[in-house]
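The structure appears below as structure tokens.
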Amino acid sequence: MPAAATIPANSSDVPFIRPGPGTLDGRWVSLHRSQQERKRVMQEACAKYRASSSRRAVTPRHVSRIFVEDRHRVLYCEVPKAGCSNWKRVLMVLAGLASSTSDIQHNTVHYGSALKRLDTFDRQGILHRLSTYTKMLFVREPFERLVSAFRDKFEHPNSYYHPVFGKAILARYRANASREALRTGSGVRFPEFVQYLLDVHRPVGMDIHWDHVSRLCSPCLIDYDFVGKFESMEDDANFFLSLIRAPRNLTFPRFKDRHSQEARTTARIAHQYFAQLSALQRQRTYDFYYMDYLMFNYSKPFADLY
């Protein structure tokens, strides 16, 4: 870890540092304590349910979602629909690849090759960075993240998700689907999407936008130094930037990356979508994301869940 970093790798103790000028000390202490608690909860869940993980070797697959920023010695595990586009913009500015987050277009973020992934390094490079860089991830309430992904990929024109996922979902789960629907893959409904998600014999594979965080980032195998939450993004992100001694004029961008005129997916909006499901489907979806709920200390989103 760089000398300027303040969270030691492979430690649950996040040492307190003096806040910069104008920072409220009480707020700083609160954010620091929140990090300690999040790491404790995550480690307890791992110890209880994933006891064998600590004995497994890290492979390139485990680090395939981790982006590398060498100048500030940061590793960021990308969790789609949890602020990942703007985090990649921040990493590009930190790396000196852009002067401002507002200058970076969506396609540059997602389809460019400016940021390296950890799995592109050799084994020594991977292990060196895991043991010395500040490792962080940001998570989101699982039902809200799922609804956000559905709205983004299926309620707007999409040249990949409609033909690849939509056509397969409609062919399997919609009785008497129209020829046009089967041709385009457009118009998938949320209950049909959830049927696909919960089907152990699903007709098309998983996707990073709705896969578990525990699979994307392997938090029981990789000891993350910082766990941020989408729900407290601004505070958590800017706290993290201060910890790694980022330039003071760099703050986490607030803008919505896609469909900017559309409201962000909130708990209220997520509840509206889940109200379309049966109680059993809601329970099975909760069970599907159970480890994410447990590891990141999210409350049950419906009272009838057990």
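Residue numbers start at 1 in each chain; chains themselves are named A, B, ... in the order of the structure tokens; ligands are numbered from 1 in the order shown.
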
**Message:** For segment 267-274 of chain A, find every residue with an atom within 10 Å (counting only C-alpha atoms), except residues of its own chain fewer than 5 positions away, and show them as a list in words.
**Reply:** Glu141, Pro142, Phe143, Glu144, Arg145, Leu146, Val147, Ser148, Phe150, Arg151, Arg189, Phe190, Pro191, Val194, Ala279, Gln281, Arg282, Thr285, Pro301 and Phe302 of chain A

**Request:** Would you return as a ChimeraX atom specification the members of segment 68-110 of chain A that DSSP assigns to strand (DSSP E) on this structure's backbone?
**Result:** /A:68-69,74-77

**Request:** Please identify which residues in segment 90-294 of chain A DSSP calls alpha helix (DSSP H) from the backbone, and express them as a ChimeraX atom specification.
**Result:** /A:90-94,106-111,123-132,142-154,161,167-173,179-184,190-198,213-217,233-243,267-274,279-288,290-294

**Request:** Name all residues at most 12 Å from Glu44 of chain A (count only C-alpha atoms; drop same-chain ones fewer than 6 positions away) and give them as a PyMOL selection string.
**Result:** chain A and resi 12+37-38+50-51+219-220+291+294-297

Would you give me, as a tab-separated table, each residue of segment 127-215 of chain A having an atom within 10 Å of an atom of segment 102-119 of chain A, along with its shortest atom pair and that distance in Å to one decimal, using only C-alpha atoms and sorting by chain and residue number?
```
residue	atom	partner	partner_atom	distance
A:Leu127	CA	A:Leu118	CA	9.6
A:Arg129	CA	A:Leu118	CA	8.4
A:Leu130	CA	A:Leu118	CA	9.1
```

Store the residues picked out above in a file with N, CA and C atoms, as a PDB file, in the first residue's frame.
```
ATOM      1  N   LEU A 127      -0.526 -10.788  -7.370  1.00  0.00           N
ATOM      2  CA  LEU A 127      -0.343 -10.958  -5.927  1.00  0.00           C
ATOM      3  C   LEU A 127       0.319  -9.744  -5.293  1.00  0.00           C
ATOM      4  N   ARG A 129       0.011  -6.590  -6.238  1.00  0.00           N
ATOM      5  CA  ARG A 129      -0.971  -5.513  -6.114  1.00  0.00           C
ATOM      6  C   ARG A 129      -2.023  -5.839  -5.050  1.00  0.00           C
ATOM      7  N   LEU A 130      -2.424  -7.099  -4.974  1.00  0.00           N
ATOM      8  CA  LEU A 130      -3.403  -7.468  -3.940  1.00  0.00           C
ATOM      9  C   LEU A 130      -2.858  -7.248  -2.541  1.00  0.00           C
TER      10      LEU A 130
END
```

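The neighbours of Leu137 of chain A here are the residues that come within 6 Å of it, using only C-alpha atoms and leaving out any residue fewer than 6 positions away in the same chain; they are Tyr76, Cys77 and Val227 of chain A.
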
If you keep all heavy atoms, can you produce a file of those selected residues as a PDB file, in the first residue's frame?
```
ATOM      1  N   TYR A  76     -10.039  -1.415  -7.752  1.00  0.00           N
ATOM      2  CA  TYR A  76     -11.484  -1.195  -7.645  1.00  0.00           C
ATOM      3  C   TYR A  76     -12.216  -2.365  -8.277  1.00  0.00           C
ATOM      4  O   TYR A  76     -12.060  -2.643  -9.471  1.00  0.00           O
ATOM      5  CB  TYR A  76     -11.872   0.107  -8.355  1.00  0.00           C
ATOM      6  CG  TYR A  76     -13.352   0.232  -8.650  1.00  0.00           C
ATOM      7  CD1 TYR A  76     -14.280   0.266  -7.612  1.00  0.00           C
ATOM      8  CD2 TYR A  76     -13.818   0.309  -9.965  1.00  0.00           C
ATOM      9  CE1 TYR A  76     -15.647   0.367  -7.880  1.00  0.00           C
ATOM     10  CE2 TYR A  76     -15.177   0.417 -10.237  1.00  0.00           C
ATOM     11  CZ  TYR A  76     -16.082   0.443  -9.189  1.00  0.00           C
ATOM     12  OH  TYR A  76     -17.429   0.541  -9.454  1.00  0.00           O
ATOM     13  N   CYS A  77     -13.029  -3.075  -7.504  1.00  0.00           N
ATOM     14  CA  CYS A  77     -13.846  -4.147  -8.049  1.00  0.00           C
ATOM     15  C   CYS A  77     -15.166  -3.560  -8.539  1.00  0.00           C
ATOM     16  O   CYS A  77     -15.931  -2.974  -7.770  1.00  0.00           O
ATOM     17  CB  CYS A  77     -14.111  -5.253  -7.031  1.00  0.00           C
ATOM     18  SG  CYS A  77     -14.974  -6.651  -7.791  1.00  0.00           S
ATOM     19  N   VAL A 227     -15.231  -0.687   1.947  1.00  0.00           N
ATOM     20  CA  VAL A 227     -16.529  -1.139   1.437  1.00  0.00           C
ATOM     21  C   VAL A 227     -17.465   0.064   1.424  1.00  0.00           C
ATOM     22  O   VAL A 227     -17.898   0.533   2.478  1.00  0.00           O
ATOM     23  CB  VAL A 227     -17.120  -2.268   2.306  1.00  0.00           C
ATOM     24  CG1 VAL A 227     -18.473  -2.720   1.739  1.00  0.00           C
ATOM     25  CG2 VAL A 227     -16.152  -3.439   2.406  1.00  0.00           C
TER      26      VAL A 227
END
```

**Message:** From the options A:His209, A:Ala95, A:Arg254, A:Leu216, which residue's atoms come nearest to Arg61 of chain A, counting only C-alpha atoms?
**Reply:** A:Leu216

**Request:** Skip Ala57 of chain A itself and residues of its chain fewer than 4 positions away, then list as a PyMOL selection string all residues within 12 Å of it, counting only C-alpha atoms.
**Result:** chain A and resi 52-53+61-63+123+126-127+218+220-222

Those same residues, written as a PDB file, in the first residue's frame with N, CA and C atoms?
```
ATOM      1  N   SER A  52     -14.092 -22.190   3.812  1.00  0.00           N
ATOM      2  CA  SER A  52     -12.987 -22.741   3.015  1.00  0.00           C
ATOM      3  C   SER A  52     -12.347 -21.704   2.096  1.00  0.00           C
ATOM      4  N   SER A  53     -12.977 -20.532   1.926  1.00  0.00           N
ATOM      5  CA  SER A  53     -12.480 -19.566   0.954  1.00  0.00           C
ATOM      6  C   SER A  53     -11.064 -19.111   1.246  1.00  0.00           C
ATOM      7  N   ARG A  61      -9.591 -15.513 -12.656  1.00  0.00           N
ATOM      8  CA  ARG A  61     -11.044 -15.351 -12.684  1.00  0.00           C
ATOM      9  C   ARG A  61     -11.542 -14.544 -11.495  1.00  0.00           C
ATOM     10  N   HIS A  62     -10.927 -14.750 -10.331  1.00  0.00           N
ATOM     11  CA  HIS A  62     -11.366 -14.042  -9.127  1.00  0.00           C
ATOM     12  C   HIS A  62     -11.133 -12.537  -9.227  1.00  0.00           C
ATOM     13  N   VAL A  63     -10.184 -12.119 -10.045  1.00  0.00           N
ATOM     14  CA  VAL A  63      -9.822 -10.692 -10.108  1.00  0.00           C
ATOM     15  C   VAL A  63     -10.174 -10.078 -11.460  1.00  0.00           C
ATOM     16  N   ARG A 123       0.997 -13.627 -12.572  1.00  0.00           N
ATOM     17  CA  ARG A 123       0.648 -14.004 -11.204  1.00  0.00           C
ATOM     18  C   ARG A 123       1.373 -13.139 -10.176  1.00  0.00           C
ATOM     19  N   ILE A 126      -0.248  -9.762 -10.034  1.00  0.00           N
ATOM     20  CA  ILE A 126      -1.551  -9.827  -9.348  1.00  0.00           C
ATOM     21  C   ILE A 126      -1.350  -9.864  -7.837  1.00  0.00           C
ATOM     22  N   LEU A 127      -0.526 -10.788  -7.370  1.00  0.00           N
ATOM     23  CA  LEU A 127      -0.343 -10.958  -5.927  1.00  0.00           C
ATOM     24  C   LEU A 127       0.319  -9.744  -5.293  1.00  0.00           C
ATOM     25  N   SER A 218     -15.499 -11.692  -5.114  1.00  0.00           N
ATOM     26  CA  SER A 218     -14.897 -12.687  -4.202  1.00  0.00           C
ATOM     27  C   SER A 218     -14.452 -12.063  -2.872  1.00  0.00           C
ATOM     28  N   CYS A 220     -14.885 -12.924   0.117  1.00  0.00           N
ATOM     29  CA  CYS A 220     -14.433 -13.848   1.155  1.00  0.00           C
ATOM     30  C   CYS A 220     -13.026 -14.364   0.865  1.00  0.00           C
ATOM     31  N   LEU A 221     -12.537 -14.120  -0.324  1.00  0.00           N
ATOM     32  CA  LEU A 221     -11.195 -14.542  -0.707  1.00  0.00           C
ATOM     33  C   LEU A 221     -10.230 -13.363  -0.746  1.00  0.00           C
ATOM     34  N   ILE A 222     -10.744 -12.218  -1.170  1.00  0.00           N
ATOM     35  CA  ILE A 222      -9.945 -10.989  -1.268  1.00  0.00           C
ATOM     36  C   ILE A 222     -10.359 -10.066  -0.130  1.00  0.00           C
TER      37      ILE A 222
END
```

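Using only C-alpha atoms, the smallest distance between any of A:Val74, A:Lys48, A:Arg202, A:Arg179 and Val90 of chain A comes from A:Val74.
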
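Nearest to Ser186 of chain A of all the residues A:Val200, A:Arg89, A:Lys153, A:Tyr173 is A:Lys153, based on only C-alpha atoms.
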